[in-house]
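Asker: For reference, this is upload.cif, and it has mmCIF, C-alpha atoms and all ligand atoms.
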data_structure
#
loop_
_atom_site.label_atom_id
_atom_site.label_comp_id
_atom_site.auth_asym_id
_atom_site.auth_seq_id
_atom_site.Cartn_x
_atom_site.Cartn_y
_atom_site.Cartn_z
CA MET A 1 120.24 80.24 128.14
CA ILE A 2 121.58 83.57 129.24
CA ALA A 3 120.92 84.82 132.78
CA LEU A 4 120.20 88.52 133.02
CA ASN A 5 119.43 90.89 135.86
CA VAL A 6 117.27 93.66 134.46
CA ASN A 7 115.92 96.33 136.81
CA ARG A 8 116.62 94.11 139.82
CA ARG A 9 114.74 91.12 138.42
CA GLN A 10 116.30 87.88 137.19
CA TYR A 11 115.53 86.64 133.69
CA SER A 12 116.71 83.70 131.73
CA VAL A 13 116.55 84.12 127.96
CA ASP A 14 117.09 81.60 125.23
CA VAL A 15 118.73 83.65 122.49
CA ASP A 16 121.87 83.73 120.38
CA PRO A 17 124.62 85.38 122.50
CA ALA A 18 125.22 87.88 119.66
CA THR A 19 121.63 89.15 119.78
CA PRO A 20 121.57 92.87 120.54
CA LEU A 21 120.63 93.55 124.15
CA LEU A 22 117.96 95.96 122.89
CA TRP A 23 116.11 93.14 121.13
CA VAL A 24 116.14 91.05 124.28
CA ILE A 25 114.95 93.92 126.48
CA ARG A 26 112.10 94.78 124.15
CA GLU A 27 111.12 91.45 122.60
CA ASN A 28 111.99 88.81 125.19
CA ILE A 29 111.57 90.73 128.43
CA GLY A 30 108.86 93.05 127.17
CA LEU A 31 110.20 96.37 128.40
CA ALA A 32 109.41 98.79 125.58
CA GLY A 33 110.58 102.04 127.15
CA THR A 34 113.99 101.68 125.48
CA LYS A 35 113.74 102.71 121.83
CA TYR A 36 115.24 101.59 118.56
CA GLY A 37 116.42 104.55 116.50
CA CYS A 38 119.31 103.70 114.22
CA GLY A 39 120.63 100.27 115.21
CA MET A 40 124.23 101.40 114.71
CA ALA A 41 125.25 103.44 117.77
CA GLN A 42 124.53 106.75 116.08
CA CYS A 43 121.52 108.19 117.91
CA GLY A 44 121.45 107.17 121.57
CA ALA A 45 117.75 106.22 121.69
CA CYS A 46 118.59 102.73 122.93
CA THR A 47 120.81 103.79 125.85
CA VAL A 48 120.61 101.58 128.96
CA HIS A 49 123.08 100.92 131.77
CA ILE A 50 125.22 97.86 132.35
CA ASP A 51 126.67 98.00 135.86
CA GLY A 52 125.85 101.70 135.90
CA GLU A 53 127.61 102.60 132.65
CA ALA A 54 125.69 103.74 129.59
CA VAL A 55 125.74 101.41 126.60
CA ARG A 56 124.03 101.56 123.23
CA SER A 57 121.95 98.44 123.57
CA CYS A 58 121.36 98.21 119.81
CA VAL A 59 125.03 97.26 119.24
CA THR A 60 125.73 95.50 122.53
CA PRO A 61 125.57 91.72 122.31
CA VAL A 62 123.39 90.31 125.07
CA SER A 63 126.32 88.14 126.13
CA ARG A 64 128.05 91.28 127.46
CA ALA A 65 125.22 91.77 129.95
CA ALA A 66 125.32 88.22 131.35
CA GLY A 67 126.01 88.29 135.07
CA LYS A 68 125.84 92.10 135.15
CA ILE A 69 123.20 94.53 136.36
CA VAL A 70 121.14 96.02 133.53
CA THR A 71 119.06 99.13 134.19
CA THR A 72 116.57 100.51 131.69
CA ILE A 73 114.43 103.62 131.88
CA GLU A 74 111.80 101.55 133.69
CA GLY A 75 114.32 100.73 136.41
CA LEU A 76 115.57 104.22 137.15
CA SER A 77 113.02 104.42 139.97
CA ALA A 78 109.82 102.55 140.66
CA ASP A 79 107.81 105.65 141.55
CA LEU A 80 109.12 108.54 139.42
CA SER A 81 111.15 109.75 142.37
CA HIS A 82 114.48 109.95 140.57
CA PRO A 83 115.54 113.62 140.34
CA LEU A 84 115.87 113.31 136.57
CA GLN A 85 112.32 112.03 136.25
CA GLN A 86 111.04 114.84 138.47
CA ALA A 87 113.02 117.46 136.57
CA TRP A 88 111.92 116.07 133.20
CA ILE A 89 108.30 116.33 134.26
CA ALA A 90 108.75 119.82 135.73
CA GLU A 91 110.45 121.13 132.60
CA ASP A 92 107.98 119.32 130.33
CA VAL A 93 110.92 118.16 128.25
CA PRO A 94 109.54 115.61 125.76
CA GLN A 95 108.04 116.53 122.42
CA CYS A 96 107.39 113.23 120.62
CA GLY A 97 109.29 111.47 123.39
CA TYR A 98 111.07 108.93 121.24
CA CYS A 99 114.62 109.93 122.24
CA GLN A 100 113.84 110.74 125.85
CA SER A 101 114.51 107.48 127.64
CA GLY A 102 117.98 107.44 126.08
CA GLN A 103 118.50 111.09 127.03
CA ILE A 104 117.59 110.40 130.66
CA MET A 105 119.82 107.33 130.89
CA SER A 106 122.79 109.34 129.59
CA ALA A 107 122.00 112.23 131.94
CA ALA A 108 121.93 109.77 134.85
CA VAL A 109 125.55 108.79 134.24
CA LEU A 110 126.53 112.45 134.01
CA LEU A 111 124.93 113.34 137.36
CA ARG A 112 126.38 110.31 139.09
CA GLU A 113 129.89 111.33 138.08
CA ASN A 114 129.44 115.10 138.24
CA SER A 115 126.81 116.53 140.58
CA LYS A 116 127.36 120.13 139.40
CA PRO A 117 127.69 119.92 135.63
CA THR A 118 128.52 123.02 133.61
CA ASP A 119 127.08 123.59 130.15
CA SER A 120 130.19 122.12 128.61
CA ASP A 121 129.96 119.04 130.86
CA ILE A 122 126.36 118.62 129.69
CA ASP A 123 127.53 118.92 126.07
CA ASP A 124 130.23 116.30 126.63
CA ALA A 125 127.76 113.91 128.25
CA MET A 126 124.78 114.39 125.95
CA SER A 127 126.31 114.86 122.49
CA GLY A 128 125.62 111.24 121.57
CA ASN A 129 121.87 111.52 122.12
CA ILE A 130 120.05 112.97 119.14
CA CYS A 131 116.63 114.58 119.49
CA ARG A 132 114.91 115.05 116.16
CA CYS A 133 112.37 117.32 117.88
CA GLY A 134 115.14 119.61 119.09
CA THR A 135 114.31 119.58 122.79
CA TYR A 136 117.95 120.28 123.66
CA PRO A 137 117.32 123.55 125.57
CA ARG A 138 114.75 121.84 127.80
CA ILE A 139 117.02 118.83 128.30
CA ARG A 140 119.76 121.18 129.46
CA ARG A 141 117.40 122.96 131.86
CA ALA A 142 116.10 119.67 133.21
CA ILE A 143 119.60 118.37 133.90
CA ARG A 144 120.40 121.56 135.80
CA ARG A 145 117.17 121.24 137.75
CA ALA A 146 117.88 117.61 138.57
CA ALA A 147 121.35 118.57 139.82
CA GLN A 148 119.76 121.18 142.11
CA LEU A 149 117.20 118.67 143.36
CA MET A 150 119.96 116.27 144.21
CA ALA A 151 121.98 118.97 145.95
CA SER A 152 119.01 120.04 148.06
CA GLY A 153 118.09 116.46 148.84
CA GLY A 154 114.67 117.11 147.35
CA ALA A 155 114.51 113.78 145.59
CA LYS A 156 116.20 110.50 146.20
CA MET B 1 155.19 99.05 94.30
CA HIS B 2 155.18 102.39 95.98
CA ILE B 3 156.28 100.87 99.26
CA ARG B 4 159.12 98.98 97.63
CA TRP B 5 160.33 102.07 95.83
CA ASN B 6 160.12 104.02 99.03
CA TRP B 7 162.11 101.38 100.81
CA LYS B 8 164.84 101.54 98.17
CA ARG B 9 165.00 105.30 98.36
CA LYS B 10 165.22 105.21 102.14
CA THR B 11 167.77 102.42 102.08
CA ILE B 12 169.98 104.45 99.78
CA ALA B 13 169.63 107.39 102.14
CA ALA B 14 170.57 105.15 105.05
CA LEU B 15 173.59 103.83 103.18
CA LEU B 16 174.77 107.33 102.37
CA LEU B 17 174.30 108.29 105.99
CA GLY B 18 176.24 105.22 107.14
CA ALA B 19 179.03 105.92 104.68
CA ALA B 20 179.20 109.54 105.80
CA SER B 21 179.46 108.63 109.45
CA LEU B 22 182.18 106.05 108.71
CA TRP B 23 184.12 108.60 106.76
CA ALA B 24 183.78 111.07 109.61
CA GLY B 25 185.02 108.45 112.02
CA THR B 26 182.01 108.86 114.27
CA GLY B 27 179.97 105.85 113.20
CA ARG B 28 179.40 102.95 115.57
CA LEU B 29 181.06 100.65 113.06
CA SER B 30 184.42 102.24 113.55
CA THR B 31 184.19 102.05 117.32
CA ARG B 32 183.11 98.43 117.22
CA GLY B 33 185.80 97.42 114.78
CA GLY B 34 183.69 96.24 111.91
CA SER B 35 180.24 95.53 110.66
CA ARG B 36 178.17 92.57 111.66
CA VAL B 37 176.02 90.50 109.40
CA ARG B 38 172.63 90.10 110.96
CA ALA B 39 171.23 86.65 110.67
CA ASP B 40 167.84 87.89 111.85
CA TYR B 41 167.40 90.27 108.95
CA PRO B 42 164.22 89.21 107.18
CA ALA B 43 164.32 87.84 103.69
CA GLY B 44 163.63 90.19 100.84
CA ARG B 45 165.61 93.13 102.14
CA PRO B 46 168.54 94.47 100.14
CA ALA B 47 171.67 92.61 101.25
CA THR B 48 173.70 95.81 101.35
CA VAL B 49 171.82 97.01 104.42
CA ARG B 50 173.48 94.27 106.45
CA THR B 51 176.84 95.92 106.22
CA VAL B 52 175.93 99.49 107.17
CA SER B 53 176.30 100.77 110.70
CA ASP B 54 173.81 99.77 113.37
CA ASP B 55 172.42 103.28 113.61
CA ALA B 56 171.82 103.49 109.91
CA ALA B 57 170.07 100.12 109.88
CA ALA B 58 167.93 101.16 112.84
CA ARG B 59 166.98 104.42 111.12
CA ALA B 60 166.20 102.66 107.88
CA ALA B 61 163.98 100.17 109.68
CA PHE B 62 162.12 102.89 111.54
CA LEU B 63 161.65 104.95 108.39
CA ALA B 64 160.16 101.94 106.65
CA ALA B 65 157.82 101.26 109.59
CA ALA B 66 156.79 104.90 110.18
CA PRO B 67 153.91 105.09 107.64
CA VAL B 68 152.04 102.55 109.76
CA PHE B 69 151.87 104.96 112.71
CA THR B 70 150.39 107.72 110.56
CA HIS B 71 147.90 105.47 108.79
CA PRO B 72 144.32 106.37 109.80
CA ARG B 73 143.75 103.00 111.53
CA CYS B 74 146.57 103.84 113.91
CA GLN B 75 146.67 107.64 114.10
CA ASN B 76 142.89 108.05 114.51
CA CYS B 77 143.22 107.02 118.15
CA HIS B 78 146.46 108.99 118.59
CA PRO B 79 145.09 112.46 117.82
CA ALA B 80 146.71 115.80 118.60
CA GLY B 81 143.49 117.18 120.11
CA ASP B 82 140.97 115.80 122.56
CA ALA B 83 138.70 114.04 120.09
CA PRO B 84 139.35 110.65 118.55
CA LEU B 85 139.26 110.64 114.74
CA GLN B 86 137.37 108.54 112.23
CA GLY B 87 137.64 107.46 108.63
CA ASP B 88 140.44 107.57 106.10
CA ASP B 89 140.20 111.37 106.14
CA SER B 90 140.74 111.31 109.93
CA HIS B 91 137.81 113.60 110.69
CA PRO B 92 136.80 114.21 114.33
CA HIS B 93 134.68 111.37 115.76
CA ALA B 94 130.94 111.86 115.34
CA GLN B 95 128.91 112.65 118.48
CA SER B 96 131.71 114.95 119.75
CA VAL B 97 133.37 112.07 121.56
CA LYS B 98 136.10 113.22 123.94
CA ARG B 99 139.27 111.61 125.28
CA GLY B 100 138.15 111.93 128.90
CA PRO B 101 140.22 111.80 132.10
CA ASP B 102 141.74 108.37 131.40
CA GLY B 103 141.48 108.05 127.61
CA ARG B 104 138.25 106.06 127.83
CA GLY B 105 135.74 108.81 127.09
CA LYS B 106 133.46 110.79 129.39
CA TYR B 107 130.23 110.15 131.29
CA GLY B 108 127.80 108.21 129.12
CA MET B 109 130.12 108.75 126.17
CA LYS B 110 132.79 106.29 127.18
CA CYS B 111 134.34 104.28 124.36
CA SER B 112 132.77 101.09 125.66
CA ALA B 113 129.27 102.54 125.29
CA CYS B 114 129.50 101.60 121.63
CA HIS B 115 132.78 99.72 121.02
CA GLN B 116 132.57 96.04 121.89
CA LEU B 117 135.27 93.40 122.23
CA THR B 118 135.07 92.58 118.52
CA ASN B 119 134.06 94.32 115.30
CA LEU B 120 130.36 94.25 114.57
CA PRO B 121 129.28 92.94 111.17
CA GLY B 122 128.23 95.47 108.53
CA ALA B 123 129.54 98.69 107.04
CA ASN B 124 129.81 101.69 109.37
CA MET B 125 129.10 99.61 112.45
CA PRO B 126 131.27 100.38 115.46
CA PRO B 127 134.61 98.58 115.30
CA GLY B 128 135.71 96.76 118.43
CA ALA B 129 138.65 95.18 120.22
CA PRO B 130 139.53 94.52 123.85
CA ASN B 131 140.57 97.62 125.79
CA TRP B 132 139.36 100.14 123.20
CA HIS B 133 140.73 103.52 124.29
CA LEU B 134 142.90 106.53 123.51
CA PRO B 135 146.12 107.38 125.30
CA PRO B 136 145.30 109.25 128.51
CA PRO B 137 145.63 113.05 128.57
CA ASN B 138 148.86 112.97 130.57
CA MET B 139 150.53 110.57 128.08
CA ARG B 140 149.07 111.52 124.74
CA MET B 141 151.37 109.64 122.34
CA VAL B 142 150.34 111.83 119.41
CA PHE B 143 150.87 110.25 115.98
CA VAL B 144 148.94 112.77 113.87
CA GLY B 145 151.24 115.22 112.07
CA ARG B 146 154.43 113.71 113.49
CA THR B 147 157.55 113.21 111.36
CA PRO B 148 159.27 109.81 111.56
CA GLY B 149 161.95 111.37 113.78
CA GLU B 150 159.39 112.83 116.15
CA LEU B 151 157.47 109.55 116.29
CA CYS B 152 160.65 107.65 117.00
CA ARG B 153 161.89 109.92 119.78
CA GLN B 154 158.45 109.97 121.40
CA LEU B 155 158.23 106.19 121.25
CA LYS B 156 161.61 105.80 122.94
CA ASP B 157 161.04 108.35 125.67
CA PRO B 158 159.67 106.70 128.85
CA SER B 159 158.29 110.05 129.99
CA GLN B 160 156.14 110.09 126.83
CA ASN B 161 155.51 106.41 126.21
CA GLY B 162 153.94 105.36 129.49
CA GLY B 163 157.23 104.31 131.11
CA LYS B 164 157.92 101.53 128.60
CA THR B 165 161.31 100.08 127.80
CA ILE B 166 162.21 99.52 124.15
CA HIS B 167 161.60 95.83 124.73
CA GLN B 168 158.08 96.56 126.01
CA ILE B 169 157.43 98.80 123.00
CA ILE B 170 158.39 95.97 120.68
CA GLU B 171 156.17 93.57 122.59
CA HIS B 172 153.33 96.09 122.45
CA VAL B 173 153.48 96.57 118.67
CA ALA B 174 153.89 92.83 118.16
CA SER B 175 151.03 91.52 120.26
CA ASP B 176 148.72 94.17 121.74
CA LYS B 177 145.18 93.35 120.66
CA LEU B 178 144.29 96.96 119.97
CA VAL B 179 147.40 97.36 117.79
CA LEU B 180 146.53 94.15 115.96
CA TRP B 181 143.01 95.45 115.35
CA GLY B 182 144.56 97.88 112.82
CA TRP B 183 145.02 94.92 110.50
CA ASN B 184 141.55 93.52 111.13
CA PRO B 185 139.50 96.72 111.28
CA GLY B 186 136.13 95.47 110.11
CA GLU B 187 134.14 96.01 106.97
CA GLY B 188 134.92 99.02 104.79
CA ARG B 189 138.09 100.13 106.56
CA THR B 190 141.53 100.24 104.94
CA THR B 191 144.55 98.66 106.60
CA PRO B 192 148.07 100.08 107.12
CA PRO B 193 150.51 100.08 104.18
CA LEU B 194 152.59 97.20 105.59
CA GLY B 195 151.42 93.85 106.88
CA HIS B 196 151.59 93.43 110.64
CA THR B 197 154.34 90.81 110.48
CA GLU B 198 156.46 93.08 108.31
CA PHE B 199 155.79 96.06 110.58
CA ALA B 200 156.62 94.15 113.75
CA GLY B 201 159.77 92.79 112.04
CA LEU B 202 160.95 96.28 111.13
CA MET B 203 160.31 97.54 114.66
CA ASN B 204 162.29 94.59 115.95
CA GLN B 205 165.18 95.46 113.62
CA TRP B 206 165.00 99.06 114.76
CA ALA B 207 165.31 97.94 118.37
CA SER B 208 167.94 95.26 117.84
CA ASN B 209 170.11 97.72 115.90
CA GLY B 210 170.10 100.18 118.75
CA ALA B 211 166.84 102.10 118.13
CA ALA B 212 168.45 105.18 116.58
CA CYS B 213 165.98 107.74 115.27
CA PRO B 214 165.82 109.27 111.77
CA GLU B 215 167.94 112.39 111.57
CA THR B 216 167.91 113.62 107.98
CA ALA B 217 166.32 117.03 107.49
CA GLU B 218 163.21 115.68 105.78
CA ASN B 219 162.50 113.06 108.44
CA ARG B 220 163.76 114.71 111.58
S1 LIG C 1 119.27 102.79 118.28
FE1 LIG C 1 121.08 102.46 119.38
S2 LIG C 1 122.17 104.27 119.09
FE2 LIG C 1 120.49 104.50 117.75
S1 LIG C 2 111.44 114.39 121.77
FE1 LIG C 2 111.14 113.72 119.75
S2 LIG C 2 113.05 112.90 119.27
FE2 LIG C 2 113.44 113.87 121.11
#
What is this structure when it is put down as C-alpha cells?
Ligand code: FES
Ligand code: FES
Answerer:
Amino acid sequence: MIALNVNRRQYSVDVDPATPLLWVIRENIGLAGTKYGCGMAQCGACTVHIDGEAVRSCVTPVSRAAGKIVTTIEGLSADLSHPLQQAWIAEDVPQCGYCQSGQIMSAAVLLRENSKPTDSDIDDAMSGNICRCGTYPRIRRAIRRAAQLMASGGAK
Amino acid sequence: MHIRWNWKRKTIAALLLGAASLWAGTGRLSTRGGSRVRADYPAGRPATVRTVSDDAAARAAFLAAAPVFTHPRCQNCHPAGDAPLQGDDSHPHAQSVKRGPDGRGKYGMKCSACHQLTNLPGANMPPGAPNWHLPPPNMRMVFVGRTPGELCRQLKDPSQNGGKTIHQIIEHVASDKLVLWGWNPGEGRTTPPLGHTEFAGLMNQWASNGAACPETAENR
C-alpha cells in the first residue's frame, strides 16, 4: 500500500511502487484531467506537481510521491479562482485542450518563482510542453495576463 | 585495441618527456635522488613507466584517463553553453532544457521533472541517478572541447572545481553516483572507452604521482 496526498486528500493505493504516478492518478484515483501523451517525458501533457515542483507523471514512479503533496490540474483551485485558470478562460487558450492541463501546471511553477516573466522566461519554462494545436501565442498571452492578475491582487 | 595502442603511444611520449627532463637536470627524479618503483601501479601497464619521473607518470596517467571526460556520457552534462547535451553526437537537449541558476534546470523544466533516481527501462527513456544535475553557472567545469591539459588544469584548480582538493577529486571520480552512472547509462547508450575501475585507477595514479598536467603541444 502506498499512501498519497493528492489535491489535499489522502489516498491509499495498492500498486507496484514502480507504477507511473500518471496511471495511479487516472486509473486508481480517477482524476482524468491529467493526460497521457507520449509516456516518455517528451510532451509535457502529464505534468503534475510533487511538493510544488513540476514532474512528468508518466515517467515518475508512484513511490516518489509517497509522503509528498501531489497537485493535479483539479487541485490548482477548487473554484477556478487561480489566476492561471482565469487568464486561460479570458484568453480562450485551448483548441482541442489535450495539452492544456500540463501547460497550466508548468506555468504555475513559472509564476510562483517569477511573478514578472519575460518572453524568454516563458520560453524557458514552457519549452517542454508541446501543443499539437499550436496555441503557443495564446498560452504566452494568458501567462502574461495571469501575472498581471496576481500583481493586481485580482485573483487569489 | 585502439586504446592499448594509444596507451603505448602516450607512454612512449611520457618516457621521452621524462628522459628529456632528466637530461636537462630539471626533472623531479634528479632532485629526489632516484626513481621509485610504485607498488600500487596496476597490473598490465608497461613496466618501464615505473622508472620515469613522477611528473611523467602523472601526465601519462592523465592522458590515458582523459578520453573518459570527453566521452558523451560524461561531457554531455559538462557543456560549454547553457544547455545540457544528449546522445553520442552531443546535440543540445530536447525541449530547450537550460542549466538554470544552480545547475538543476529552470522553473518546471528542472532536471528532476523527468530524471528519476534510476534509469527507466526502455530505449530513449529518461536516464536517472541520484542528484542529476549540471555544474552550476558559476562553476561550469566544461569538458566539451577541452584538451587533456585544459581538463587537467581545470580539475586541479579549486577556483574552477568547486573548492575540491585533489583527494576529493579522486574520491569524486571513484564513488560519486552520478559519475558512476556513466558506466550504467541505461538502454541504448554507449559507455566511456575505459572501464570505471581502470579510469579511477589512472586518476589515482595521476594524483599519487603529483598530479602534473599534460604539457606537450598536442595535449596542452
Ligand atoms: S505523457 Fe508524460 S511527458 Fe508526454
Ligand atoms: S490545445 Fe490541442 S494539443 Fe494543445
Asker: Once you count only C-alpha atoms, which residues of chain B turn out to be within 8 Å of chain A? Could you give them as a VMD selection string?
Answerer: chain B and resid 95 to 98 106 to 110 112 to 114 116 120 124 to 126
Asker: Rank A:Thr72, A:Ser115, A:Ser77, A:Ser63 by their smallest atom-to-atom distance to Asp16 (chain A), using only C-alpha atoms, and report the top residue only.
Answerer: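 Checking each candidate against Asp16 (chain A), we get A:Ser63 as the closest.
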Asker: Using the file's own x, y and z axes, so that the box edges lie along x, y and z, what centre and edge lengths in Å (one decimal) does a box around every listed atom of region 45-64 of chain A get when 3 Å is added on each side? Give it as JSON.
Answerer:
{"center_x": 122.9, "center_y": 97.2, "center_z": 127.6, "size_x": 16.3, "size_y": 24.1, "size_z": 22.7}
Asker: Find the distance between CA of Leu85 (chain B) and CA of Leu134 (chain B) and write it in Å to one decimal.
Answerer: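 About the pair CA of Leu85 (chain B) and CA of Leu134 (chain B): they are 10.3 Å apart.
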Asker: Determine the nearest neighbour of ligand LIG 1 (chain C) from the options B:His115, B:Lys164, B:Gly87, B:His172, counting all atoms listed in the file.
Answerer: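 Checking each of B:His115, B:Lys164, B:Gly87, B:His172 against ligand LIG 1 (chain C), counting all atoms listed in the file, the winner is B:His115.
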Asker: If you measure from CA of Gly182 (chain B) to CA of Cys152 (chain B), what distance in Å do you get, rounded to one decimal?
Answerer: 19.3 Å
Asker: From the set A:Ala45, A:Val24, A:Met1, A:Ile69, which residue has the shortest atom-to-atom contact distance to Tyr98 (chain A), counting all atoms listed in the file?
Answerer: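 Checking each of A:Ala45, A:Val24, A:Met1, A:Ile69 against Tyr98 (chain A), counting all atoms listed in the file, the winner is A:Ala45.
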Asker: Which value, in Å to one decimal, gives the distance between CA of His167 (chain B) and CA of Asn76 (chain B)?
Answerer: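 So the two atoms, CA of His167 (chain B) and CA of Asn76 (chain B), lie 24.6 Å apart.
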Asker: Counting all atoms listed in the file, find residues at most 9 Å from (165.6, 98.1, 116.2) (file frame) and give them as a list in words.
Answerer: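 Residues lying no farther than 9 Å from the given point: Asp54, Asp55, Ala57, Ala58, Arg59, Ala61, Phe62, Ile166, Ile170, Gly201, Leu202, Met203, Asn204, Gln205, Trp206, Ala207, Ser208, Asn209, Gly210, Ala211 and Ala212 of chain B.
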Asker: Between A:Leu80, A:Ile139, A:Cys131, A:Ile89, which is the closest to ligand LIG 1 (chain C) once you count all atoms listed in the file?
Answerer: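 Ranked by minimum distance to ligand LIG 1 (chain C), first place goes to A:Cys131.
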Asker: Residues of chain A that approach ligand LIG 2 (chain C) to 12 Å or less, counting only C-alpha atoms and all ligand atoms: could you list each one with the shortest pair of atoms and its distance in Å to one decimal, rows by chain and increasing residue number, as JSON lines?
Answerer:
{"residue": "A:Lys35", "atom": "CA", "partner": "C:LIG2", "partner_atom": "S2", "distance": 10.5}
{"residue": "A:Tyr36", "atom": "CA", "partner": "C:LIG2", "partner_atom": "S2", "distance": 11.5}
{"residue": "A:Gly37", "atom": "CA", "partner": "C:LIG2", "partner_atom": "S2", "distance": 9.4}
{"residue": "A:Cys43", "atom": "CA", "partner": "C:LIG2", "partner_atom": "S2", "distance": 9.8}
{"residue": "A:Gly44", "atom": "CA", "partner": "C:LIG2", "partner_atom": "S2", "distance": 10.4}
{"residue": "A:Ala45", "atom": "CA", "partner": "C:LIG2", "partner_atom": "S2", "distance": 8.5}
{"residue": "A:Trp88", "atom": "CA", "partner": "C:LIG2", "partner_atom": "S1", "distance": 11.6}
{"residue": "A:Asp92", "atom": "CA", "partner": "C:LIG2", "partner_atom": "S1", "distance": 10.5}
{"residue": "A:Val93", "atom": "CA", "partner": "C:LIG2", "partner_atom": "S1", "distance": 7.5}
{"residue": "A:Pro94", "atom": "CA", "partner": "C:LIG2", "partner_atom": "S1", "distance": 4.6}
{"residue": "A:Gln95", "atom": "CA", "partner": "C:LIG2", "partner_atom": "S1", "distance": 4.1}
{"residue": "A:Cys96", "atom": "CA", "partner": "C:LIG2", "partner_atom": "FE1", "distance": 3.9}
{"residue": "A:Gly97", "atom": "CA", "partner": "C:LIG2", "partner_atom": "S1", "distance": 4.0}
{"residue": "A:Tyr98", "atom": "CA", "partner": "C:LIG2", "partner_atom": "S2", "distance": 4.9}
{"residue": "A:Cys99", "atom": "CA", "partner": "C:LIG2", "partner_atom": "FE2", "distance": 4.3}
{"residue": "A:Gln100", "atom": "CA", "partner": "C:LIG2", "partner_atom": "FE2", "distance": 5.7}
{"residue": "A:Ser101", "atom": "CA", "partner": "C:LIG2", "partner_atom": "FE2", "distance": 9.2}
{"residue": "A:Gly102", "atom": "CA", "partner": "C:LIG2", "partner_atom": "FE2", "distance": 9.3}
{"residue": "A:Gln103", "atom": "CA", "partner": "C:LIG2", "partner_atom": "FE2", "distance": 8.3}
{"residue": "A:Ile104", "atom": "CA", "partner": "C:LIG2", "partner_atom": "FE2", "distance": 11.0}
{"residue": "A:Asn129", "atom": "CA", "partner": "C:LIG2", "partner_atom": "FE2", "distance": 8.8}
{"residue": "A:Ile130", "atom": "CA", "partner": "C:LIG2", "partner_atom": "FE2", "distance": 7.0}
{"residue": "A:Cys131", "atom": "CA", "partner": "C:LIG2", "partner_atom": "FE2", "distance": 3.6}
{"residue": "A:Arg132", "atom": "CA", "partner": "C:LIG2", "partner_atom": "S2", "distance": 4.2}
{"residue": "A:Cys133", "atom": "CA", "partner": "C:LIG2", "partner_atom": "FE1", "distance": 4.2}
{"residue": "A:Gly134", "atom": "CA", "partner": "C:LIG2", "partner_atom": "FE2", "distance": 6.3}
{"residue": "A:Thr135", "atom": "CA", "partner": "C:LIG2", "partner_atom": "FE2", "distance": 6.0}
{"residue": "A:Tyr136", "atom": "CA", "partner": "C:LIG2", "partner_atom": "FE2", "distance": 8.2}
{"residue": "A:Pro137", "atom": "CA", "partner": "C:LIG2", "partner_atom": "FE2", "distance": 11.3}
{"residue": "A:Arg138", "atom": "CA", "partner": "C:LIG2", "partner_atom": "S1", "distance": 10.1}
{"residue": "A:Ile139", "atom": "CA", "partner": "C:LIG2", "partner_atom": "FE2", "distance": 9.4}
Asker: Kindly indicate which residue among B:Pro214, B:Pro101, B:Gly186, B:Pro193 lies nearest to Thr118 (chain B), using all atoms listed in the file for the distances.
Answerer: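 That would be B:Gly186, the residue with the smallest distance to Thr118 (chain B).
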Asker: Of the candidates A:Glu27, A:Thr19, A:Cys46, A:Val6, which one gets nearest to ligand LIG 1 (chain C) if we count all atoms listed in the file?
Answerer: A:Cys46
Asker: Any idea what's packed within 12 Å of Gln75 (chain B), counting all atoms listed in the file, ignoring anything in its chain fewer than 4 positions away? Could you give it as JSON, numbers by chain?
Answerer: {"B": [66, 67, 68, 69, 70, 71, 79, 80, 81, 83, 84, 85, 86, 87, 88, 89, 90, 91, 92, 134, 135, 140, 141, 142, 143, 144, 145, 146, 151, 179, 182, 191, 192]}
Asker: Might you pull out every residue within 8 Å of Arg8 (chain A), with all atoms listed in the file counted and same-chain residues fewer than 5 positions away left off, and present them as a JSON list (two decimals) with C-alpha atoms, in the frame of the given file?
Answerer:
[["chain", "number", "residue", "atom", "x", "y", "z"],
["A", 69, "ILE", "CA", 123.20, 94.53, 136.36],
["A", 70, "VAL", "CA", 121.14, 96.02, 133.53],
["A", 71, "THR", "CA", 119.06, 99.13, 134.19],
["A", 75, "GLY", "CA", 114.32, 100.73, 136.41]]
Asker: As a list in words, please: the residues near Glu215 (chain B) (cut-off 10 Å, all atoms listed in the file, same-chain neighbours under 6 positions excluded).
Answerer: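 Here the answer would be Leu17, Ala56, Arg59, Pro148, Gly149 and Glu150 of chain B.
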